[in-house]
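Asks: Contents of entry_9.cif (mmCIF, C-alpha atoms) are below:
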data_protein
loop_
_atom_site.label_atom_id
_atom_site.label_comp_id
_atom_site.auth_asym_id
_atom_site.auth_seq_id
_atom_site.Cartn_x
_atom_site.Cartn_y
_atom_site.Cartn_z
CA MET A 1205 -24.41 -11.10 -7.43
CA PRO A 1206 -23.77 -10.34 -3.71
CA ARG A 1207 -21.87 -12.77 -1.57
CA THR A 1208 -23.62 -15.34 0.55
CA SER A 1209 -23.23 -14.54 4.25
CA ARG A 1210 -21.48 -17.07 6.43
CA THR A 1211 -21.47 -17.68 10.15
CA THR A 1212 -18.16 -19.50 10.15
CA GLY A 1213 -15.16 -18.76 8.03
CA PRO A 1214 -12.23 -20.66 6.61
CA LYS A 1215 -9.27 -21.49 8.78
CA VAL A 1216 -6.74 -18.71 9.30
CA PHE A 1217 -3.83 -21.14 9.19
CA GLY A 1218 -4.69 -23.31 6.23
CA PRO A 1219 -3.89 -23.15 2.50
CA ALA A 1220 -5.71 -20.39 0.60
CA ARG A 1221 -5.92 -19.54 -3.09
CA LEU A 1222 -5.07 -16.12 -4.47
CA GLY A 1223 -5.40 -16.39 -8.23
CA PRO A 1224 -2.69 -18.85 -9.36
CA LEU A 1225 -1.08 -18.89 -5.90
CA THR A 1226 -1.63 -21.17 -2.95
CA LEU A 1227 -0.69 -19.23 0.17
CA LYS A 1228 0.06 -21.06 3.40
CA ASN A 1229 -2.38 -18.96 5.43
CA ARG A 1230 -4.65 -15.95 5.10
CA ILE A 1231 -2.41 -13.25 6.61
CA ILE A 1232 -0.54 -10.88 4.29
CA LYS A 1233 2.07 -8.30 5.28
CA ALA A 1234 0.70 -5.03 3.88
CA ALA A 1235 3.00 -2.68 2.00
CA THR A 1236 4.79 -0.22 4.29
CA PHE A 1237 7.47 1.96 2.74
CA GLU A 1238 10.73 0.49 4.04
CA GLY A 1239 12.95 3.58 3.69
CA VAL A 1240 16.13 1.64 2.80
CA MET A 1241 16.55 1.91 -0.94
CA PRO A 1242 19.52 4.31 -1.17
CA LYS A 1243 19.49 5.92 -4.60
CA GLY A 1244 16.82 3.41 -5.58
CA HIS A 1245 18.90 0.28 -5.01
CA VAL A 1246 17.93 -2.96 -3.27
CA SER A 1247 19.88 -3.03 0.00
CA ASP A 1248 20.74 -5.82 2.41
CA GLU A 1249 18.49 -4.04 4.92
CA LEU A 1250 15.52 -4.25 2.54
CA ILE A 1251 16.07 -7.97 2.04
CA ALA A 1252 16.44 -8.51 5.80
CA PHE A 1253 13.19 -6.59 6.41
CA HIS A 1254 11.13 -8.92 4.24
CA ARG A 1255 13.01 -12.07 5.18
CA ARG A 1256 12.11 -11.52 8.85
CA VAL A 1257 8.43 -11.11 8.02
CA ALA A 1258 8.52 -14.25 5.87
CA ALA A 1259 10.29 -16.26 8.56
CA GLY A 1260 7.80 -14.89 11.07
CA GLY A 1261 4.86 -16.71 9.53
CA ALA A 1262 3.09 -14.32 7.15
CA ALA A 1263 1.88 -16.05 4.00
CA MET A 1264 3.04 -13.20 1.78
CA THR A 1265 5.04 -10.02 2.31
CA THR A 1266 4.55 -6.95 0.10
CA VAL A 1267 7.49 -4.84 -1.09
CA ALA A 1268 6.64 -1.15 -1.21
CA TYR A 1269 6.83 0.95 -3.20
CA LEU A 1270 8.18 0.15 -6.70
CA ALA A 1271 7.77 2.99 -9.18
CA VAL A 1272 7.01 2.35 -12.84
CA SER A 1273 8.16 5.78 -14.10
CA PRO A 1274 11.10 8.02 -13.11
CA GLU A 1275 8.84 10.95 -12.17
CA GLY A 1276 6.52 8.52 -10.40
CA ARG A 1277 9.00 7.81 -7.61
CA THR A 1278 8.16 9.22 -4.21
CA ASP A 1279 11.73 10.60 -4.23
CA ARG A 1280 15.12 9.70 -5.70
CA HIS A 1281 15.60 6.93 -3.10
CA CYS A 1282 12.54 5.07 -4.35
CA LEU A 1283 13.23 1.95 -6.40
CA LEU A 1284 12.41 2.18 -10.11
CA LEU A 1285 11.33 -1.05 -11.82
CA ASN A 1286 13.77 -1.53 -14.68
CA ASP A 1287 16.47 -3.92 -15.87
CA GLU A 1288 19.01 -2.41 -13.47
CA SER A 1289 16.89 -3.28 -10.43
CA LEU A 1290 16.22 -6.90 -11.42
CA PRO A 1291 19.29 -8.61 -9.88
CA GLY A 1292 18.69 -7.03 -6.48
CA LEU A 1293 14.98 -7.79 -6.57
CA ARG A 1294 15.74 -11.40 -7.50
CA ARG A 1295 17.97 -11.67 -4.40
CA LEU A 1296 15.04 -10.35 -2.36
CA THR A 1297 12.43 -12.72 -3.77
CA ASP A 1298 14.79 -15.68 -3.43
CA ALA A 1299 15.35 -14.80 0.25
CA VAL A 1300 11.61 -14.63 0.94
CA HIS A 1301 10.93 -17.88 -0.89
CA ALA A 1302 13.67 -19.58 1.12
CA GLU A 1303 11.65 -18.80 4.25
CA GLY A 1304 8.53 -20.46 2.82
CA ALA A 1305 6.52 -17.35 2.01
CA ALA A 1306 5.29 -15.66 -1.15
CA VAL A 1307 6.23 -12.08 -2.06
CA ALA A 1308 4.25 -9.31 -3.76
CA ALA A 1309 5.44 -6.19 -5.55
CA GLN A 1310 3.43 -3.03 -4.98
CA ILE A 1311 3.80 -1.03 -8.19
CA GLY A 1312 2.60 2.44 -8.98
CA HIS A 1313 3.11 6.06 -9.93
CA ALA A 1314 3.20 8.53 -7.05
CA GLY A 1315 1.69 11.36 -9.11
CA PRO A 1316 1.01 14.37 -6.85
CA VAL A 1317 2.66 12.62 -3.89
CA ALA A 1318 6.05 12.54 -5.69
CA ASN A 1319 8.84 14.86 -4.55
CA ALA A 1320 9.58 16.90 -7.67
CA ARG A 1321 12.75 18.47 -6.31
CA SER A 1322 14.26 15.14 -5.31
CA ASN A 1323 13.22 13.47 -8.59
CA ARG A 1324 14.29 16.50 -10.66
CA ALA A 1325 11.08 16.07 -12.63
CA PRO A 1326 7.64 17.70 -12.34
CA SER A 1327 5.09 15.96 -10.14
CA LEU A 1328 2.00 14.97 -12.10
CA SER A 1329 -1.69 15.14 -11.25
CA PRO A 1330 -4.95 14.90 -13.21
CA SER A 1331 -5.53 18.65 -13.38
CA GLY A 1332 -2.41 20.42 -12.11
CA GLY A 1333 -2.54 22.75 -9.13
CA ILE A 1334 -0.61 23.15 -5.87
CA THR A 1335 -0.01 20.54 -3.16
CA PRO A 1336 -0.91 21.28 0.49
CA MET A 1337 2.84 21.80 1.07
CA GLY A 1338 3.04 24.38 -1.72
CA SER A 1339 4.58 22.35 -4.58
CA ARG A 1340 3.35 22.95 -8.12
CA LEU A 1341 1.80 20.06 -10.05
CA ARG A 1342 1.72 19.55 -13.82
CA ALA A 1343 -1.48 18.27 -15.40
CA VAL A 1344 -1.19 14.87 -17.08
CA SER A 1345 -1.67 14.88 -20.85
CA VAL A 1346 -3.34 12.10 -22.82
CA ALA A 1347 0.13 11.25 -24.16
CA ASP A 1348 1.34 10.96 -20.55
CA ILE A 1349 -1.49 8.54 -19.81
CA GLU A 1350 -0.49 6.30 -22.70
CA ARG A 1351 3.21 6.48 -21.77
CA ILE A 1352 2.54 5.70 -18.10
CA THR A 1353 0.24 2.81 -19.02
CA GLU A 1354 3.12 1.30 -21.00
CA ASP A 1355 5.41 1.96 -18.02
CA TYR A 1356 3.04 -0.13 -15.88
CA ARG A 1357 3.12 -2.87 -18.50
CA ARG A 1358 6.94 -2.94 -18.56
CA GLY A 1359 7.13 -2.70 -14.78
CA ALA A 1360 4.79 -5.66 -14.36
CA VAL A 1361 6.95 -7.75 -16.69
CA ALA A 1362 10.05 -6.74 -14.72
CA ALA A 1363 8.38 -7.70 -11.43
CA SER A 1364 7.42 -11.09 -12.84
CA GLU A 1365 10.95 -11.67 -14.13
CA ALA A 1366 12.33 -10.72 -10.71
CA GLY A 1367 10.41 -13.61 -9.15
CA PHE A 1368 7.46 -11.85 -7.52
CA ASP A 1369 4.44 -14.09 -6.99
CA SER A 1370 1.90 -11.29 -6.97
CA ILE A 1371 1.59 -7.70 -8.19
CA GLU A 1372 -0.38 -5.09 -6.28
CA VAL A 1373 -1.29 -2.01 -8.34
CA HIS A 1374 -1.52 1.04 -6.06
CA VAL A 1375 -4.88 2.75 -6.60
CA GLY A 1376 -4.97 4.40 -3.18
CA HIS A 1377 -3.78 7.27 -1.02
CA ASN A 1378 -4.04 9.85 -3.85
CA TYR A 1379 -1.12 8.43 -5.77
CA LEU A 1380 -1.69 9.03 -9.48
CA LEU A 1381 -4.39 6.46 -10.26
CA SER A 1382 -6.16 7.31 -7.00
CA ALA A 1383 -5.90 11.03 -7.78
CA PHE A 1384 -7.75 10.40 -11.04
CA LEU A 1385 -10.61 8.84 -9.03
CA SER A 1386 -10.89 11.91 -6.78
CA PRO A 1387 -13.49 14.55 -7.72
CA LYS A 1388 -11.37 17.08 -5.83
CA LEU A 1389 -8.16 16.39 -7.74
CA ASN A 1390 -9.62 15.40 -11.11
CA ARG A 1391 -11.32 18.39 -12.74
CA ARG A 1392 -10.75 17.23 -16.32
CA ASP A 1393 -13.38 17.62 -19.05
CA ASP A 1394 -12.08 14.88 -21.34
CA ALA A 1395 -12.62 11.09 -21.39
CA PHE A 1396 -10.65 10.77 -18.13
CA GLY A 1397 -12.70 13.22 -16.06
CA GLY A 1398 -16.27 13.91 -14.96
CA SER A 1399 -18.26 10.72 -14.38
CA VAL A 1400 -17.11 7.88 -12.15
CA GLU A 1401 -16.63 5.72 -15.23
CA ASN A 1402 -14.42 8.36 -16.85
CA ARG A 1403 -12.37 8.94 -13.70
CA ALA A 1404 -11.82 5.18 -13.39
CA ARG A 1405 -10.78 4.83 -17.04
CA PHE A 1406 -7.03 5.31 -16.44
CA ALA A 1407 -6.88 2.79 -13.58
CA ARG A 1408 -8.87 0.21 -15.55
CA GLN A 1409 -6.62 0.70 -18.56
CA VAL A 1410 -3.57 0.10 -16.37
CA LEU A 1411 -5.02 -3.00 -14.71
CA ARG A 1412 -5.89 -4.54 -18.06
CA ALA A 1413 -2.40 -3.74 -19.38
CA VAL A 1414 -0.75 -5.36 -16.37
CA ARG A 1415 -2.88 -8.49 -16.68
CA GLU A 1416 -2.12 -8.74 -20.40
CA ALA A 1417 1.58 -8.35 -19.66
CA VAL A 1418 1.87 -11.10 -17.04
CA GLY A 1419 -1.01 -13.39 -17.99
CA ASP A 1420 -1.91 -15.89 -15.31
CA LYS A 1421 1.67 -16.40 -14.13
CA VAL A 1422 1.26 -14.11 -11.10
CA ALA A 1423 -1.61 -12.98 -8.93
CA LEU A 1424 -2.91 -9.46 -9.58
CA THR A 1425 -4.51 -7.27 -6.92
CA ALA A 1426 -5.42 -3.60 -6.61
CA LYS A 1427 -5.13 -1.46 -3.48
CA LEU A 1428 -8.22 0.75 -3.69
CA ASN A 1429 -9.25 3.74 -1.60
CA MET A 1430 -12.72 3.40 -0.12
CA ALA A 1431 -12.54 7.04 0.98
CA ASP A 1432 -9.88 9.74 0.66
CA GLY A 1433 -10.69 11.33 4.01
CA VAL A 1434 -10.63 14.85 2.55
CA PRO A 1435 -13.59 17.14 1.73
CA GLY A 1436 -14.60 16.74 -1.89
CA GLY A 1437 -12.49 13.62 -2.37
CA LEU A 1438 -13.50 10.08 -3.29
CA TRP A 1439 -16.17 8.74 -0.97
CA LEU A 1440 -17.67 5.34 -0.30
CA GLU A 1441 -20.49 5.22 -2.84
CA GLU A 1442 -18.29 6.23 -5.75
CA SER A 1443 -15.57 3.83 -4.64
CA LEU A 1444 -18.13 1.02 -4.67
CA GLN A 1445 -18.93 1.93 -8.27
CA VAL A 1446 -15.22 1.89 -9.14
CA ALA A 1447 -14.84 -1.55 -7.55
CA GLU A 1448 -17.80 -2.84 -9.57
CA LEU A 1449 -16.15 -1.52 -12.75
CA PHE A 1450 -12.93 -3.29 -11.78
CA GLU A 1451 -14.88 -6.49 -11.21
CA SER A 1452 -16.58 -6.21 -14.60
CA ASP A 1453 -13.15 -6.24 -16.28
CA ALA A 1454 -12.39 -9.64 -14.67
CA VAL A 1455 -8.63 -9.06 -14.40
CA LEU A 1456 -8.15 -8.91 -10.60
CA ASP A 1457 -7.65 -11.80 -8.22
CA ALA A 1458 -8.45 -9.63 -5.18
CA ILE A 1459 -8.95 -6.03 -4.02
CA GLU A 1460 -7.26 -4.70 -0.90
CA LEU A 1461 -9.43 -2.00 0.67
CA THR A 1462 -7.78 1.09 2.11
CA GLY A 1463 -8.33 4.82 2.61
CA GLY A 1464 -6.68 8.15 3.29
CA SER A 1465 -4.50 10.57 1.37
CA SER A 1466 -0.71 10.69 1.54
CA LEU A 1467 -1.12 14.10 -0.09
CA ALA A 1468 -3.52 15.68 2.40
CA ASN A 1469 -4.59 13.33 5.23
CA PRO A 1470 -2.30 10.34 5.90
CA MET A 1471 -3.59 9.72 9.44
CA TYR A 1472 -6.93 8.67 8.00
CA LEU A 1473 -5.12 5.45 7.09
CA PHE A 1474 -3.18 5.02 10.34
CA ARG A 1475 -5.55 6.22 13.10
CA GLY A 1476 -4.36 6.87 16.61
CA GLU A 1477 -2.00 9.54 17.91
CA ALA A 1478 -0.36 11.80 15.32
CA PRO A 1479 3.45 11.86 15.81
CA LEU A 1480 3.79 15.61 15.18
CA ARG A 1481 7.00 16.20 17.12
CA GLU A 1482 8.79 13.17 15.69
CA PHE A 1483 7.67 13.88 12.13
CA GLY A 1484 8.66 17.55 12.40
CA ALA A 1485 12.15 16.56 13.54
CA THR A 1486 12.75 14.82 10.21
CA LEU A 1487 12.14 18.00 8.18
CA PRO A 1488 14.69 20.62 7.06
CA GLY A 1489 14.96 23.70 9.31
CA PRO A 1490 12.70 26.17 7.43
CA VAL A 1491 10.09 23.51 6.67
CA ARG A 1492 10.23 22.32 10.27
CA PHE A 1493 9.42 25.83 11.48
CA GLY A 1494 6.37 26.05 9.23
CA PHE A 1495 5.28 22.56 10.21
CA LYS A 1496 4.87 23.74 13.81
CA PHE A 1497 1.96 25.86 12.62
CA ILE A 1498 0.33 23.67 9.96
CA GLY A 1499 1.37 20.18 11.05
CA GLY A 1500 -1.82 19.58 12.98
CA ARG A 1501 -3.88 20.19 9.86
CA PHE A 1502 -1.80 17.70 7.85
CA LEU A 1503 -1.38 15.01 10.53
CA LYS A 1504 -4.78 14.81 12.20
CA SER A 1505 -5.47 12.51 15.11
CA TYR A 1506 -8.24 9.92 14.86
CA PRO A 1507 -9.27 7.51 17.62
CA PHE A 1508 -7.82 4.06 17.06
CA GLU A 1509 -10.21 1.14 16.86
CA GLU A 1510 -9.37 -2.45 16.01
CA ALA A 1511 -10.21 -3.10 12.31
CA PHE A 1512 -11.27 0.53 11.86
CA PHE A 1513 -12.00 0.13 8.13
CA LEU A 1514 -14.35 -2.82 8.68
CA PRO A 1515 -17.66 -0.83 8.55
CA TYR A 1516 -16.68 0.60 5.15
CA ALA A 1517 -15.32 -2.69 3.84
CA ARG A 1518 -18.55 -4.53 4.65
CA GLN A 1519 -20.29 -2.45 1.98
CA PHE A 1520 -17.98 -4.00 -0.62
CA LEU A 1521 -18.76 -7.51 0.61
CA ASP A 1522 -22.41 -6.85 -0.14
CA ARG A 1523 -21.77 -5.65 -3.70
CA LEU A 1524 -18.86 -7.74 -5.03
CA ASN A 1525 -17.83 -11.30 -5.73
CA THR A 1526 -14.15 -10.40 -6.14
CA PRO A 1527 -12.12 -11.68 -3.15
CA LEU A 1528 -11.43 -8.86 -0.69
CA ILE A 1529 -8.46 -8.20 1.59
CA LEU A 1530 -9.29 -6.37 4.83
CA LEU A 1531 -6.76 -3.80 6.03
CA GLY A 1532 -6.64 -1.30 8.86
CA GLY A 1533 -5.67 -1.76 12.49
CA ILE A 1534 -5.79 -5.56 12.57
CA THR A 1535 -3.76 -6.88 15.49
CA GLN A 1536 -5.71 -9.73 17.10
CA LEU A 1537 -6.38 -13.31 15.99
CA GLU A 1538 -10.06 -13.08 16.92
CA THR A 1539 -10.38 -10.08 14.57
CA ILE A 1540 -8.90 -12.12 11.73
CA GLU A 1541 -11.21 -15.06 12.43
CA ALA A 1542 -14.25 -12.78 12.51
CA ALA A 1543 -13.27 -11.07 9.25
CA LEU A 1544 -12.91 -14.42 7.47
CA ALA A 1545 -16.27 -15.52 8.89
CA GLU A 1546 -17.89 -12.43 7.36
CA GLY A 1547 -16.51 -13.30 3.94
CA PHE A 1548 -13.16 -11.54 3.57
CA ALA A 1549 -10.63 -13.73 1.78
CA PHE A 1550 -7.50 -12.40 3.52
CA VAL A 1551 -6.41 -9.82 6.05
CA ALA A 1552 -3.39 -7.52 5.74
CA MET A 1553 -1.30 -6.43 8.73
CA ALA A 1554 1.33 -3.70 8.88
CA ARG A 1555 2.23 -1.93 12.14
CA ALA A 1556 1.70 -5.04 14.25
CA LEU A 1557 4.35 -6.84 12.17
CA LEU A 1558 6.76 -3.93 12.46
CA ARG A 1559 6.50 -4.38 16.22
CA GLU A 1560 6.72 -8.19 16.09
CA PRO A 1561 7.64 -9.80 12.76
CA ASP A 1562 7.05 -13.24 14.27
CA LEU A 1563 3.52 -12.43 15.48
CA VAL A 1564 1.81 -14.63 12.89
CA ALA A 1565 3.84 -17.72 13.81
CA ARG A 1566 3.17 -17.17 17.50
CA MET A 1567 -0.56 -16.75 16.84
CA GLU A 1568 -0.53 -20.06 15.02
CA SER A 1569 1.20 -21.85 17.89
CA ASP A 1570 -0.76 -20.10 20.66
CA ALA A 1571 -4.24 -18.72 19.95
CA GLY A 1572 -3.99 -16.59 23.08
CA THR A 1573 -1.14 -14.50 21.64
CA THR A 1574 -1.85 -10.75 21.63
CA SER A 1575 -0.09 -7.99 19.73
CA LEU A 1576 2.26 -5.62 21.55
CA CYS A 1577 1.61 -2.77 19.09
CA ILE A 1578 0.24 0.28 20.95
CA HIS A 1579 -0.65 2.25 17.79
CA CYS A 1580 1.54 5.19 18.78
CA ASN A 1581 2.47 5.76 15.10
CA LYS A 1582 6.01 6.73 15.98
CA CYS A 1583 7.08 4.26 13.30
CA MET A 1584 5.76 6.69 10.65
CA PRO A 1585 8.63 9.22 10.76
CA THR A 1586 11.22 6.43 10.59
CA ILE A 1587 10.51 5.95 6.86
CA TYR A 1588 13.36 8.42 6.27
CA SER A 1589 15.92 6.34 8.14
CA GLY A 1590 14.59 2.77 7.90
CA THR A 1591 11.01 1.91 8.87
CA ARG A 1592 10.89 0.27 12.29
CA CYS A 1593 9.13 0.18 15.64
CA VAL A 1594 10.92 2.64 17.92
CA LEU A 1595 9.98 0.73 21.07
CA VAL A 1596 12.33 -2.19 20.53
CA GLU A 1597 16.04 -2.59 19.95
CA ASP A 1598 17.47 -2.91 16.44
CA VAL A 1599 18.23 -6.34 15.02
CA PRO A 1600 21.77 -6.61 13.63
CA LEU A 1601 21.95 -6.79 9.84
CA ASN A 1602 23.94 -10.03 10.04
CA ASP A 1603 20.93 -11.72 11.66
CA PRO A 1604 18.31 -11.37 8.90
CA GLY A 1605 16.43 -14.48 9.89
CA SER A 1606 15.83 -13.49 13.50
CA THR A 1607 12.17 -13.44 14.48
CA SER A 1608 12.43 -13.16 18.23
CA SER A 1609 9.45 -11.46 19.82
CA GLY A 1610 9.63 -7.69 19.57
CA ALA A 1611 12.54 -7.63 17.09
CA ALA A 1612 12.63 -4.38 15.15
CA LEU A 1613 12.63 -4.36 11.38
CA ARG A 1614 15.62 -2.19 10.58
CA SER A 1615 14.87 -1.53 6.92
#
Represent the structure of the file as structure tokens.

Replies:
Amino acid sequence: MPRTSRTTGPKVFGPARLGPLTLKNRIIKAATFEGVMPKGHVSDELIAFHRRVAAGGAAMTTVAYLAVSPEGRTDRHCLLLNDESLPGLRRLTDAVHAEGAAVAAQIGHAGPVANARSNRAPSLSPSGGITPMGSRLRAVSVADIERITEDYRRGAVAASEAGFDSIEVHVGHNYLLSAFLSPKLNRRDDAFGGSVENRARFARQVLRAVREAVGDKVALTAKLNMADGVPGGLWLEESLQVAELFESDAVLDAIELTGGSSLANPMYLFRGEAPLREFGATLPGPVRFGFKFIGGRFLKSYPFEEAFFLPYARQFLDRLNTPLILLGGITQLETIEAALAEGFAFVAMARALLREPDLVARMESDAGTTSLCIHCNKCMPTIYSGTRCVLVEDVPLNDPGSTSSGAALRS
């Protein structure tokens, strides 16, 4: 049954339900890879990153990205959900809770996006092949699917034990579950390939396993690609069908709508100027030389528009009853109010909160507050040294609670 349209929405700054949770407002900090997990360990910088966002007024901050399998890490500095990581993650969740906010764990398997050399393990994909950067991929076996599903189950339990209030399963950006949804990347002829229902089978199996593992103790959401942004990839109509299949399983408390491919077209998610020079400077010498010639094909520039995913996301409002989280270039309070009036349950912000972690609190105290983010995307290459806005000075580590306007998130 489609949603009933509304002319006015709920209050931005009032209590809101997300499954078993009551959040203090309807603004969530979206997952942005923090780049400060040396050798996969929780660092003081990581805790400070999320504590600032929590103190700055967001209802919930999302820790990204927590791998469920060793080969599913983006690289060896990605945190793996296991018993060893629990004490550090508990310190993190306790710090966020102390600031009055909830905290979500984004869990997943990087699949073809994983760095095989760094992980010292083959990168996996539905059908094998070669990445745009020339790395070889190993096709996932049915045994791999069962093993990885159990890894998700164990990872979800670990996240719950670490004190996370919500779990976000990553089904976007051509990470493994998203790659299975893609007609371009999934060329299988078994029960996990071909039709939309078959390509969604792995993701649905994982979501059911996670819900069974944690019950109703934590909220469960999925981050779903509406479109991959690559020729032959997942497109809107098939994504709508996937979302309807997810809804039929009745295990999700919300779906966060996204798009783009970390494998082949990351700027489809970010929009705005592509930071080619800055990104190239982070690469090793030989790779940097090659990037000069192919970088423009990998990092494409798209015009930035406020709430650029809204036209796609509206299609999901018309087809689903599951609460939806709107993502993509949201920086202004009036945009948030309009999205809630249309029927979205929450909005997720990312770059704007890198620029100003206290933006939400200032919006609440002064409705005329505007974001200082200029969408230059120069924060993107900083994921290798601590994700931050490059336009502001660093905040000292010994001041993790600082939320002064424009404070950088040194993470």

Asks: Starting from the shown file, work through the PyMOL selection byres ((chain A and resi 1549-1562) around 8) and note down what comes out as a ChimeraX atom specification.

Replies: /A:1230-1236,1256-1257,1259-1261,1527-1535,1540,1543-1544,1547-1548,1563-1566,1575-1577,1579,1583,1592-1593,1595-1596,1607-1613

Asks: Please indicate the distance in Å from CA of Glu1238 (chain A) to CA of Ala1458 (chain A), rounded to one decimal place.

Replies: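 It comes out at 23.6 Å.
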
Asks: Counting only C-alpha atoms, which residues have an atom no more than 6 Å from (-1.9, 17.8, 6.5) in the file's coordinates? Please list them as JSON, numbers by chain.

Replies: {"A": [1468, 1469, 1501, 1502, 1503]}

Asks: Build an axis-aligned box that encloses every atom of region 1503-1510 of chain A listed in the file, pad it by 6 Å on each side, and report its centre and edge lengths in Å to one decimal, as lines of an AutoDock Vina configuration file.

Replies:
center_x = -5.8
center_y = 6.3
center_z = 14.1
size_x = 20.8
size_y = 29.5
size_z = 19.1

Asks: State, in Å with one decimal place, the distance from CA of Arg1342 (chain A) to CA of Pro1326 (chain A).

Replies: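 If I compute the distance from CA of Arg1342 (chain A) to CA of Pro1326 (chain A), I get 6.4 Å.
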
Asks: Name the closest residue to Ser1370 (chain A) among the candidates A:Glu1441, A:Glu1510, A:Glu1448, A:Asp1457; distances are taken between atoms, counting only C-alpha atoms.

Replies: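 Of all the options, A:Asp1457 lies closest to Ser1370 (chain A).
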
Asks: Check which residues satisfy the PyMOL selection byres ((chain A and resi 1381) around 9) in the file shown, then give them as an MDAnalysis selection string.

Replies: chainID A and resid 1312:1315 1330 1374:1376 1378:1380 1382:1385 1404 1406:1407 1410

Asks: Once the PyMOL selection byres ((chain A and resi 1322) around 9) has been evaluated on this model, what residues remain selected, and can you format them as a PyMOL selection string?

Replies: chain A and resi 1278-1281+1318-1321+1323-1325

Asks: To one decimal place, how far is CA of Leu1467 (chain A) from CA of Phe1396 (chain A) in Å?

Replies: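 That distance, rounded to one decimal, is 20.7 Å.
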
Asks: Within 12 Å of Leu1524 (chain A), counting all atoms listed in the file, which residues show up once you throw out same-chain ones fewer than 3 positions away? Write them as a list of chain:residue names, please.

Replies: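 Contacts, with the query itself left out: A:Met1205, A:Pro1206, A:Arg1207, A:Thr1208, A:Leu1444, A:Gln1445, A:Val1446, A:Ala1447, A:Glu1448, A:Leu1449, A:Phe1450, A:Glu1451, A:Ser1452, A:Ala1454, A:Ala1458, A:Ile1459, A:Ala1517, A:Arg1518, A:Gln1519, A:Phe1520, A:Leu1521, A:Pro1527, A:Leu1528, A:Gly1547, A:Phe1548.
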
Asks: As a PyMOL selection string, please: the residues near region 1477-1481 of chain A (cut-off 7 Å, all atoms listed in the file, same-chain neighbours under 3 positions excluded).

Replies: chain A and resi 1484-1485+1499+1503-1506+1580-1582

Asks: Pick out the closest residue to Arg1255 (chain A) from this set: A:Ala1423, A:Ala1571, A:Leu1296, A:Ala1366. Count all atoms listed in the file.

Replies: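 Result for the nearest residue to Arg1255 (chain A): A:Leu1296.
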
Asks: A:Ile1587, A:Ala1309, A:Val1400, A:Ala1271: which is nearest Lys1427 (chain A), counting all atoms listed in the file?

Replies: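 Distance minimum relative to Lys1427 (chain A) lands on A:Ala1309.
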